[in-house]
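*Asks:* Take a look at target04.txt, compact mmCIF, C-alpha atoms:
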```
# COMPACT_ATOMS: atom_id res chain seq x y z
CA LEU A 1 0.00 0.00 0.00
CA PRO A 2 1.27 3.49 -0.72
CA LEU A 3 2.47 5.46 2.28
CA PRO A 4 0.36 8.46 3.29
CA PRO A 5 1.85 11.86 2.58
CA TRP A 6 3.86 13.35 5.42
CA PRO A 7 2.35 16.56 6.68
CA GLY A 8 4.83 19.36 7.14
CA ALA A 9 8.51 18.49 7.47
CA LEU A 10 10.01 15.12 6.54
CA PRO A 11 10.44 12.55 9.33
CA ALA A 12 13.77 12.19 11.11
CA GLY A 13 16.36 10.39 9.05
CA CYS A 14 14.78 11.32 5.72
CA ARG A 15 15.81 14.05 3.33
CA ALA A 16 14.51 15.35 0.05
CA ALA A 17 16.35 14.19 -3.06
CA PRO A 18 18.56 16.94 -4.47
CA SER A 19 17.20 18.49 -7.64
CA ARG A 20 19.62 19.71 -10.27
CA ALA A 21 18.47 22.42 -12.59
CA VAL A 22 18.90 21.73 -16.29
CA MET A 23 21.53 24.08 -17.70
CA VAL A 24 22.99 24.96 -21.07
CA VAL A 25 26.57 23.62 -21.19
CA ILE A 26 29.20 25.64 -23.02
CA HIS A 27 32.23 23.53 -23.92
CA VAL A 28 35.02 26.09 -24.36
CA LYS A 29 37.78 24.41 -26.36
CA ARG A 30 40.94 25.74 -27.95
CA THR A 31 43.07 22.59 -28.12
CA GLU A 32 42.72 19.01 -26.91
CA ALA A 33 44.62 19.91 -23.74
CA ASP A 34 43.02 23.34 -23.23
CA GLN A 35 39.29 23.00 -22.63
CA PHE A 36 36.67 23.27 -19.89
CA LEU A 37 32.90 23.28 -19.30
CA VAL A 38 30.73 26.16 -18.10
CA GLU A 39 27.02 26.08 -17.29
CA THR A 40 24.61 28.86 -18.19
CA THR A 41 20.94 29.43 -18.97
CA VAL A 42 19.09 30.52 -22.07
CA THR A 43 18.06 33.74 -20.33
CA GLU A 44 21.58 34.92 -19.49
CA SER A 45 22.86 37.70 -21.72
CA ASN A 46 25.75 36.91 -24.03
CA ASP A 47 27.69 39.86 -22.64
CA ALA A 48 27.51 38.49 -19.08
CA LEU A 49 28.38 35.01 -20.30
CA ILE A 50 31.44 36.18 -22.25
CA ARG A 51 32.69 38.23 -19.32
CA ARG A 52 32.31 35.24 -17.01
CA LEU A 53 34.07 32.95 -19.49
CA VAL A 54 36.96 35.41 -19.78
CA ARG A 55 37.36 35.54 -15.99
CA ILE A 56 37.38 31.74 -15.84
CA TRP A 57 39.80 31.52 -18.78
CA ASN A 58 42.25 33.98 -17.24
CA GLY A 59 41.80 32.41 -13.82
CA ARG A 60 42.76 28.99 -15.22
CA LEU A 61 45.96 30.32 -16.77
CA LEU A 62 46.99 32.24 -13.66
CA LEU A 63 46.14 29.29 -11.41
CA LEU A 64 48.40 27.01 -13.47
CA ARG A 65 51.14 29.62 -13.27
CA LEU A 66 50.72 29.79 -9.50
CA ALA A 67 50.78 25.98 -9.30
CA ASP A 68 54.08 25.82 -11.19
CA ALA A 69 55.64 28.49 -8.98
CA ALA A 70 54.37 26.86 -5.76
CA GLU A 71 55.76 23.51 -6.85
CA GLN A 72 59.17 25.09 -7.40
CA LEU A 73 58.83 26.75 -3.99
CA ALA A 74 58.32 23.35 -2.36
CA GLU A 75 61.33 21.93 -4.19
CA HIS A 76 63.87 24.78 -4.08
CA GLY A 77 62.60 27.49 -1.74
CA VAL A 78 61.92 31.16 -2.41
CA ALA A 79 63.08 33.00 -5.51
CA LYS A 80 66.34 34.90 -5.69
CA VAL A 81 66.38 38.64 -6.13
CA GLU A 82 65.74 39.59 -9.72
CA GLU A 83 69.32 40.57 -10.59
CA GLU A 84 70.68 37.21 -9.37
CA ARG A 85 68.22 34.90 -11.12
CA GLY A 86 69.85 32.56 -13.59
CA LEU A 87 73.36 33.26 -12.23
CA ASP A 88 75.45 30.90 -10.12
CA ASP A 89 77.06 31.96 -6.85
CA LYS A 90 80.49 32.50 -8.40
CA THR A 91 79.16 34.85 -11.06
CA VAL A 92 77.08 36.75 -8.51
CA ALA A 93 80.08 37.12 -6.19
CA MET A 94 82.27 38.50 -8.97
CA SER A 95 79.54 40.94 -10.01
CA ARG A 96 79.00 42.14 -6.45
CA LYS A 97 82.77 42.53 -5.98
CA VAL A 98 83.04 44.77 -9.05
CA GLU A 99 80.02 46.79 -7.92
CA ALA A 100 81.45 47.19 -4.40
CA GLU A 101 84.79 48.43 -5.75
CA THR A 102 83.07 51.00 -7.97
CA PRO A 103 82.93 54.48 -6.40
CA GLY A 104 79.44 55.03 -5.07
CA GLY A 105 78.54 51.39 -5.65
CA ARG A 106 76.40 49.23 -3.39
CA PRO A 107 78.29 47.60 -0.49
CA MET A 108 78.86 43.89 -0.84
CA GLU A 109 76.51 41.54 1.03
CA ALA A 110 77.96 38.59 2.90
CA GLY A 111 77.22 35.05 1.74
CA THR A 112 75.40 33.38 -1.11
CA ALA A 113 71.67 33.57 -1.75
CA ALA A 114 71.17 30.31 0.17
CA GLU A 115 73.16 31.59 3.16
CA ARG A 116 71.26 34.86 3.25
CA GLU A 117 67.97 32.96 3.09
CA GLY A 118 69.14 30.69 5.90
CA ARG A 119 69.91 33.69 8.10
CA ARG A 120 66.52 35.22 7.28
CA LEU A 121 64.70 32.00 8.25
CA CYS A 122 66.70 31.58 11.45
CA SER A 123 65.93 35.15 12.45
CA ALA A 124 62.23 34.88 11.58
CA LEU A 125 61.75 31.51 13.30
CA GLY A 126 63.80 32.43 16.36
CA HIS A 127 66.72 30.07 15.80
CA SER A 128 70.33 31.05 16.39
CA ALA A 129 72.61 31.25 13.36
CA PRO A 130 76.32 31.96 12.96
CA GLY A 131 76.91 35.67 12.46
CA ALA A 132 73.72 36.71 14.21
CA GLY A 133 73.49 39.43 16.81
CA ALA A 134 76.51 41.50 17.68
CA GLY A 135 78.80 39.49 15.37
CA ALA A 136 76.72 40.14 12.24
CA ALA A 137 78.79 43.11 11.13
CA ALA A 138 82.04 41.22 11.69
CA ALA A 139 80.75 38.23 9.71
CA ALA A 140 79.60 40.50 6.88
CA ALA A 141 82.99 42.21 6.78
CA ALA A 142 84.77 38.87 6.82
CA GLY A 143 82.58 37.58 4.00
CA ALA A 144 83.18 40.72 1.98
CA SER A 145 86.97 40.52 2.46
CA SER A 146 87.06 36.81 1.64
CA GLY A 147 84.92 37.34 -1.45
CA ALA A 148 87.13 40.24 -2.55
CA SER A 149 90.31 38.24 -2.06
CA SER A 150 89.19 34.96 -3.63
CA GLY A 151 86.40 36.15 -5.96
CA ALA A 152 84.97 32.61 -6.06
CA GLY A 153 81.67 31.53 -4.54
CA GLY A 154 81.36 34.47 -2.13
CA SER A 155 80.47 32.09 0.72
CA SER A 156 80.88 33.39 4.26
CA GLY A 157 80.79 29.94 5.88
CA ALA A 158 78.72 26.78 6.25
CA LEU A 159 75.01 26.96 5.43
CA SER A 160 72.97 27.22 8.64
CA LEU A 161 69.25 26.35 8.46
CA PRO A 162 66.44 25.96 10.99
CA PRO A 163 65.56 22.36 11.98
CA GLY A 164 63.79 20.50 9.19
CA TRP A 165 64.64 22.92 6.41
CA ARG A 166 66.52 21.36 3.50
CA ALA A 167 69.28 22.44 1.14
CA CYS A 168 68.03 21.66 -2.39
CA PRO A 169 70.00 23.66 -5.01
CA ASP A 170 68.02 24.84 -8.01
CA PRO A 171 69.63 23.72 -11.32
CA SER A 172 68.10 26.74 -13.08
CA GLU A 173 69.48 29.14 -10.45
CA GLN A 174 66.10 30.85 -10.15
CA ARG A 175 65.60 30.03 -6.45
CA THR A 176 67.78 30.09 -3.35
CA GLY A 177 67.87 26.32 -2.86
CA VAL A 178 66.56 26.40 0.73
CA ALA A 179 63.43 24.23 0.69
CA PRO A 180 60.81 24.04 3.46
CA PRO A 181 60.45 20.92 5.66
CA GLU A 182 59.18 17.82 3.90
CA ALA A 183 55.80 17.83 5.65
CA GLN A 184 55.01 21.41 4.61
CA ALA A 185 56.40 20.74 1.12
CA ASN A 186 54.05 17.76 0.75
CA THR A 187 51.11 19.98 1.75
CA ILE A 188 52.04 22.43 -1.00
CA ARG A 189 52.38 19.58 -3.51
CA GLU A 190 48.93 18.21 -2.60
CA THR A 191 47.20 21.56 -3.06
CA VAL A 192 49.07 22.09 -6.33
CA ALA A 193 47.95 18.69 -7.60
CA ALA A 194 44.33 19.50 -6.64
CA ALA A 195 44.52 22.85 -8.44
CA ARG A 196 45.85 21.24 -11.60
CA ALA A 197 43.20 18.53 -11.48
CA LEU A 198 40.51 21.21 -11.23
CA VAL A 199 41.44 22.75 -14.59
CA HIS A 200 42.61 19.56 -16.30
CA LYS A 201 40.97 18.39 -19.51
CA ASP A 202 39.72 15.24 -17.76
CA ALA A 203 37.13 17.43 -16.05
CA VAL A 204 35.38 17.67 -19.43
CA ARG A 205 35.24 13.88 -19.70
CA ARG A 206 33.82 13.71 -16.16
CA ARG A 207 31.30 16.45 -17.09
CA VAL A 208 32.39 18.73 -14.25
CA ALA A 209 31.69 22.40 -14.92
CA LEU A 210 34.28 24.99 -13.91
CA THR A 211 33.31 28.05 -11.87
CA GLU A 212 35.02 31.20 -10.64
CA GLU A 213 34.38 30.14 -7.06
CA ALA A 214 36.21 26.83 -7.58
CA ILE A 215 39.24 28.61 -9.04
CA ALA A 216 39.29 31.11 -6.19
CA GLU A 217 39.06 28.28 -3.65
CA ALA A 218 41.94 26.38 -5.27
CA LYS A 219 44.02 29.55 -5.27
CA ALA A 220 43.23 30.14 -1.60
CA ASN A 221 44.20 26.55 -0.78
CA VAL A 222 47.59 26.99 -2.44
CA GLY A 223 48.04 30.26 -0.56
CA GLY A 224 47.16 28.57 2.71
CA ALA A 225 49.70 25.82 2.11
CA VAL A 226 52.37 28.43 1.35
CA THR A 227 51.48 30.29 4.55
CA ILE A 228 51.83 27.09 6.58
CA ALA A 229 55.34 26.59 5.19
CA TYR A 230 56.28 30.28 5.49
CA PRO A 231 54.39 31.76 8.44
CA MET A 232 56.81 34.69 8.44
CA GLY A 233 55.78 35.48 4.85
CA LEU A 234 57.61 35.33 1.55
CA PRO A 235 60.24 37.92 0.64
CA GLU A 236 59.21 40.70 -1.71
CA CYS A 237 61.37 39.28 -4.51
CA ASP A 238 59.28 36.10 -4.76
CA PRO A 239 56.57 36.44 -7.45
CA ILE A 240 54.21 34.12 -5.55
CA ARG A 241 53.36 37.04 -3.26
CA ASP A 242 51.97 39.04 -6.16
CA MET A 243 50.28 35.95 -7.66
CA LEU A 244 48.34 35.33 -4.47
CA ALA A 245 47.48 39.03 -4.08
CA GLY A 246 46.45 39.30 -7.74
CA THR A 247 48.87 42.15 -8.38
CA GLU A 248 51.43 40.34 -10.55
CA ASP A 249 52.57 42.25 -13.63
CA VAL A 250 52.53 39.70 -16.46
CA GLU A 251 53.42 42.21 -19.18
CA GLY A 252 56.12 40.70 -21.36
CA LEU A 253 55.60 37.16 -20.04
CA ALA A 254 54.45 34.23 -22.17
CA VAL A 255 51.13 33.98 -20.33
CA SER A 256 50.22 37.55 -21.30
CA ALA A 257 49.68 36.46 -24.90
CA GLU A 258 46.98 34.00 -23.77
CA LEU A 259 45.06 36.32 -21.45
CA LEU A 260 41.83 37.86 -22.75
CA GLU A 261 39.98 41.11 -22.02
CA GLU A 262 36.36 41.09 -20.94
CA ASP A 263 35.38 44.00 -23.20
CA THR A 264 36.93 42.70 -26.43
CA ALA A 265 36.82 38.91 -26.23
CA GLN A 266 34.63 37.02 -28.68
CA LEU A 267 32.75 33.72 -28.34
CA TRP A 268 32.14 31.70 -31.51
CA PHE A 269 29.92 28.71 -32.14
CA ALA A 270 29.23 26.96 -35.48
CA GLY A 271 30.97 29.71 -37.44
CA LYS A 272 28.91 32.53 -35.90
CA GLU A 273 29.75 34.97 -33.13
CA PHE A 274 27.69 35.43 -29.97
CA ASP A 275 26.15 38.88 -30.21
CA ARG A 276 26.61 40.65 -26.88
CA ALA A 277 23.28 42.44 -27.29
CA GLN A 278 21.39 39.11 -27.36
CA THR A 279 20.83 36.28 -24.90
CA VAL A 280 22.16 32.75 -24.94
CA GLY A 281 18.76 31.48 -26.06
CA ASP A 282 18.84 33.72 -29.13
CA ARG A 283 22.04 31.97 -30.26
CA VAL A 284 21.62 28.32 -29.23
CA GLY A 285 17.83 28.00 -28.95
CA ARG A 286 15.42 27.74 -26.04
CA ASN A 287 16.25 24.17 -25.01
CA GLU A 288 17.97 24.16 -21.61
CA LYS A 289 19.53 20.75 -22.34
CA THR A 290 21.70 22.13 -25.13
CA LYS A 291 25.44 21.55 -25.20
CA VAL A 292 27.61 23.52 -27.63
CA ILE A 293 31.32 23.63 -28.36
CA GLY A 294 32.51 27.23 -28.48
CA ARG A 295 35.80 28.99 -28.95
CA LEU A 296 36.88 32.02 -26.94
CA GLN A 297 39.36 34.31 -28.64
CA LYS A 298 40.55 37.86 -29.06
CA ARG A 299 38.83 40.35 -31.34
CA GLY A 300 39.96 40.36 -34.95
CA GLY A 301 40.75 36.67 -35.22
CA GLY A 302 37.79 35.94 -37.48
CA PRO A 303 35.77 32.71 -37.45
CA PRO A 304 37.78 29.86 -35.90
CA VAL A 305 38.81 26.85 -37.90
CA ARG A 306 36.20 24.10 -37.99
CA GLU A 307 36.77 21.24 -35.56
CA PRO A 308 38.24 18.11 -37.23
CA ALA A 309 35.79 15.26 -37.76
CA ILE A 310 38.06 12.79 -35.97
CA SER A 311 40.34 13.15 -32.99
CA GLU A 312 44.12 13.01 -33.13
CA ALA A 313 44.19 9.50 -31.61
CA GLU A 314 41.67 8.24 -34.17
CA ARG A 315 43.66 9.79 -36.99
CA LYS A 316 46.85 8.07 -35.83
CA ALA A 317 45.04 4.72 -35.55
CA MET A 318 43.62 5.09 -39.08
CA MET A 319 47.03 6.01 -40.49
CA ALA A 320 48.59 2.97 -38.83
CA HIS A 321 45.85 0.70 -40.23
CA TYR A 322 46.19 2.03 -43.78
CA PHE A 323 49.99 1.76 -43.63
CA LYS A 324 49.73 -1.87 -42.57
CA LYS A 325 47.30 -2.65 -45.40
CA GLN A 326 49.58 -0.89 -47.87
CA GLN A 327 52.52 -3.01 -46.73
CA GLU A 328 50.49 -6.21 -47.11
CA LEU A 329 49.39 -5.25 -50.63
CA LYS A 330 52.98 -4.40 -51.53
CA GLU A 331 54.20 -7.79 -50.33
CA LEU A 332 51.46 -9.57 -52.29
CA ALA A 333 52.37 -7.66 -55.44
CA GLU A 334 56.03 -8.60 -55.10
CA ASP A 335 55.26 -12.29 -54.40
CA ASP A 336 54.84 -13.58 -58.02
CA THR A 337 56.35 -17.05 -57.49
CA ASP A 338 54.49 -20.36 -57.88
CA ASP A 339 55.18 -21.64 -54.37
CA PHE A 340 51.47 -21.98 -53.86
CA MET A 341 51.42 -24.97 -56.25
CA ALA A 342 52.68 -27.16 -53.39
CA ALA A 343 49.75 -26.21 -51.19
CA SER A 344 47.00 -28.78 -50.57
CA TRP A 345 44.26 -26.49 -51.86
CA ALA A 346 46.08 -26.24 -55.25
CA ASP A 347 46.31 -30.06 -55.82
CA PRO A 348 44.14 -31.00 -58.86
CA LYS A 349 43.77 -34.60 -57.62
CA ALA A 350 42.67 -33.71 -54.11
CA LEU A 351 38.97 -34.37 -54.91
CA LYS A 352 39.68 -37.84 -56.40
CA ARG A 353 41.74 -38.94 -53.43
CA GLY A 354 39.08 -37.62 -51.09
CA LEU A 355 36.37 -39.73 -52.78
CA THR A 356 38.48 -42.90 -52.90
CA GLY A 357 39.68 -42.49 -49.34
CA ALA A 358 43.31 -42.38 -50.35
CA THR A 359 44.13 -39.28 -48.38
CA ASN A 360 47.08 -39.00 -46.10
CA VAL A 361 48.78 -42.02 -47.64
CA ARG A 362 52.51 -42.09 -47.20
CA PHE A 363 55.08 -44.38 -48.79
CA ARG A 364 58.32 -45.39 -47.12
```
Mind turning this structure into C-alpha cells?

*Replies:*
Amino acid sequence: LPLPPWPGALPAGCRAAPSRAVMVVIHVKRTEADQFLVETTVTESNDALIRRLVRIWNGRLLLLRLADAAEQLAEHGVAKVEEERGLDDKTVAMSRKVEAETPGGRPMEAGTAAEREGRRLCSALGHSAPGAGAGAAAAAAAGASSGASSGAGGSSGALSLPPGWRACPDPSEQRTGVAPPEAQANTIRETVAAARALVHKDAVRRRVALTEEAIAEAKANVGGAVTIAYPMGLPECDPIRDMLAGTEDVEGLAVSAELLEEDTAQLWFAGKEFDRAQTVGDRVGRNEKTKVIGRLQKRGGGPPVREPAISEAERKAMMAHYFKKQQELKELAEDDTDDFMAASWADPKALKRGLTGATNVRFR
C-alpha cells in the first residue's frame, strides 16, 4: 500500500532528493589539452556570459602559473632577487665585488643567496645562526673581504638552516635552494595537484563544470599551504606574493599572450559569433539541455577553424591501419612465385583422393 503523505517536514532520518536544474553547457575548447565546461541558462545575456568565461579563462591560466611556482617553492625554496636569477654563486660574487669596488657602488653583502635565506629564516623563526646578533657586522665584513680576495663563490661559511629545512639547489638558479620541511612541502604539492586537477581536460570527460568560485578556492588553498610553510611570509622578490594578491605584472611574459579582455573577447559557435546584445537562447535556442562547443578568442581573429571530424588519436590509428594494409598489398604484389602450387588447396587430384579415401597415404 502506498504510504500516506507526510504533513509538514520530513520525518527524522529522511531528506529530500537533491534536484539539479537543467543548464545549457558551453564547452570552451581551444586545443585538446586546453578546454573546460561552463554552465549557463538561455536567459543569461551573451555579454555576461562572455565576461564570465573570460574571468574563468584567465583564472585557469593564472592558477596554473601559481601551481608551477608553488611547486618550485616546495622543491627549491623562495626566488632569488631579480638581478641574481639565472646566475650561479660565483658569477654573482664577482659581479658584487666589481660593484662594491666601484665608487658610489652598493656595499657587498655577505654570503650566497642560500646563506642569506638561511639567516633570514633563522631570524624569523627564532633560531640562532652563525653571524647573528653583535657578530653580524664582523661576519659580513669577513665575507666581503674573503669574497674580494678569492672572488669565487662568495660564501661566508657553512650553510645554517632551521631544523627540518633542506638544502636543495636549483639547477636553473632561479631560487635560493633552501626548501621548506618535507611535511610542509608535501602539503604544498597536494594543493598544487588538486589545483591542476581542477582545470585539467579530464574534467570535461567527467562532465564537471568549472566556476570562478572553484578557481578562487583552489588559489586560496595553495596560498594557505604556502602560509603554513612560510608563516613569516615570503620575501618581496618572490613572485608568488603578487600571484596570491592578484597584483602580478605579467606584461612581457608568455602567459600575457593567452590572457583575454572582458570588453573585447569574442565567443564563436558553429561559425557565428555570440552577439553581446542578445541572450544565450537567441544563439543556441530555447532548449535548456543544449550543449555547444565554443571557442573564446581575441577580437579580430575571425571565425575559428572548424573542428576536425576525428580526434588526433583516431587519426593516428587510421594512419597505422592504412599503412599496414599498404605493406600487405605491396608484399602480395612482389610475391609472383608459384610456391602456392605445393599447397594442398592447389592439388588438382585432391577431390579424387578424397572420394576414394586415399588421403594422407605415405610411402616409405

*Asks:* Give me, as a ChimeraX atom specification, all polymer residues having an atom no more than 12 Å from Arg30 (chain A), counting all atoms listed in the file and skipping those fewer than 3 positions away in the same chain.

*Replies:* /A:27,33-36,57,201,258,267-268,293-297,304-307

*Asks:* Within 12 Å of region 112-126 of chain A, which residues of region 194-247 of chain A come that close, and what is the closest atom pair and distance in Å for each? Count all atoms listed in the file and give it as a Markdown table.

*Replies:*
```
| residue | atom | partner | partner_atom | distance |
| --- | --- | --- | --- | --- |
| A:Ala229 | CA | A:Leu121 | CA | 11.2 |
| A:Tyr230 | CA | A:Leu121 | CA | 9.0 |
| A:Pro231 | CA | A:Leu125 | CA | 8.8 |
| A:Met232 | CA | A:Ala124 | CA | 6.3 |
| A:Gly233 | CA | A:Ala124 | CA | 9.3 |
| A:Leu234 | CA | A:Leu121 | CA | 10.3 |
| A:Pro235 | CA | A:Glu117 | CA | 9.5 |
| A:Cys237 | CA | A:Glu117 | CA | 11.9 |
```

*Asks:* Please list as a list in words every residue within 8 Å of Ile215 (chain A), counting only C-alpha atoms and excluding residues in the same chain fewer than 4 positions away.

*Replies:* Ile56, Gly59, Arg60, Leu63, Ala195, Leu198, Leu210, Thr211 and Lys219 of chain A

*Asks:* Excluding Pro180 (chain A) and any residue of its chain fewer than 3 positions from it, enumerate the residues within 9 Å of it, using all atoms listed in the file, and give them as a list of chain:residue names.

*Replies:*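 Listing them by chain and then by number gives A:Leu73, A:Ala74, A:Glu75, A:His76, A:Gly77, A:Gly164, A:Trp165, A:Arg166, A:Ala167, A:Ala183, A:Gln184, A:Ala185, A:Ala229, A:Tyr230.
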
*Asks:* Output C-alpha atoms for every residue in that selection, as a PDB file, in the frame of the given file.

*Replies:*
```pdb
ATOM      1  CA  LEU A  73      58.830  26.750  -3.990  1.00  0.00           C
ATOM      2  CA  ALA A  74      58.320  23.350  -2.360  1.00  0.00           C
ATOM      3  CA  GLU A  75      61.330  21.930  -4.190  1.00  0.00           C
ATOM      4  CA  HIS A  76      63.870  24.780  -4.080  1.00  0.00           C
ATOM      5  CA  GLY A  77      62.600  27.490  -1.740  1.00  0.00           C
ATOM      6  CA  GLY A 164      63.790  20.500   9.190  1.00  0.00           C
ATOM      7  CA  TRP A 165      64.640  22.920   6.410  1.00  0.00           C
ATOM      8  CA  ARG A 166      66.520  21.360   3.500  1.00  0.00           C
ATOM      9  CA  ALA A 167      69.280  22.440   1.140  1.00  0.00           C
ATOM     10  CA  ALA A 183      55.800  17.830   5.650  1.00  0.00           C
ATOM     11  CA  GLN A 184      55.010  21.410   4.610  1.00  0.00           C
ATOM     12  CA  ALA A 185      56.400  20.740   1.120  1.00  0.00           C
ATOM     13  CA  ALA A 229      55.340  26.590   5.190  1.00  0.00           C
ATOM     14  CA  TYR A 230      56.280  30.280   5.490  1.00  0.00           C
TER      15      TYR A 230
END
```

*Asks:* Given the choices A:Thr102, A:Phe269, A:Thr191, A:Phe274, which gets closest to Val292 (chain A) if the distance is worked out from all atoms listed in the file?

*Replies:*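 Ranking A:Thr102, A:Phe269, A:Thr191, A:Phe274 by distance to Val292 (chain A), first place goes to A:Phe269.
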
*Asks:* Out of A:Glu82, A:Arg51, A:Val178, A:Met94, which residue has the shortest atom-to-atom distance to Pro162 (chain A) when counting only C-alpha atoms?

*Replies:*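 For Pro162 (chain A), the nearest of the candidates is A:Val178.
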
*Asks:* Counting all atoms listed in the file, which residue out of A:Glu236, A:Val24, A:Leu253, A:Glu261 sits closest to Arg55 (chain A)?

*Replies:*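 Closest to Arg55 (chain A), using all atoms listed in the file: A:Glu261.
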
*Asks:* Using only C-alpha atoms, can you tell me which of A:Glu334, A:Val192, A:Val255, A:Asn287 comes closest to Leu61 (chain A)?

*Replies:*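 Closest candidate: A:Val255.
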
*Asks:* Quick one: pull the distance between CA of Lys291 (chain A) and CA of Val42 (chain A), Å, one decimal.

*Replies:* 11.4 Å

*Asks:* Which value, in Å to one decimal, gives the distance between CA of Ala48 (chain A) and CA of Glu288 (chain A)?

*Replies:*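 Going from CA of Ala48 (chain A) over to CA of Glu288 (chain A), I get 17.4 Å.
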
*Asks:* What's the separation between CA of Arg207 (chain A) and CA of Val38 (chain A), in Å to one decimal place?

*Replies:*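 Separation between CA of Arg207 (chain A) and CA of Val38 (chain A): 9.8 Å.
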
*Asks:* For a quick check of your reading of the model, name the residues lying within 7 Å of the coordinate (65.8, 34.8, -4.1), counting only C-alpha atoms, and write them as a short mmCIF file (atom, residue, chain, number, x, y, z; two decimals) with C-alpha atoms, in the coordinates of the input.

*Replies:*
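Here's the written file out.cif:
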```
data_model
loop_
_atom_site.label_atom_id
_atom_site.label_comp_id
_atom_site.auth_asym_id
_atom_site.auth_seq_id
_atom_site.Cartn_x
_atom_site.Cartn_y
_atom_site.Cartn_z
CA VAL A 78 61.92 31.16 -2.41
CA ALA A 79 63.08 33.00 -5.51
CA LYS A 80 66.34 34.90 -5.69
CA VAL A 81 66.38 38.64 -6.13
CA ALA A 113 71.67 33.57 -1.75
CA ARG A 175 65.60 30.03 -6.45
CA THR A 176 67.78 30.09 -3.35
CA CYS A 237 61.37 39.28 -4.51
CA ASP A 238 59.28 36.10 -4.76
#
```

*Asks:* What's the 12 Å shell around Leu62 (chain A), counting all atoms listed in the file, without same-chain residues fewer than 5 positions away, as a ChimeraX atom specification?

*Replies:* /A:55-57,67-69,195-196,199,215-216,218-219,240,242-250,253-256,258-260

*Asks:* Looking at A:Gln174, A:Ser311, A:Thr356, A:Gln327, which one is nearest to Pro239 (chain A), with distances taken over only C-alpha atoms?

*Replies:* A:Gln174
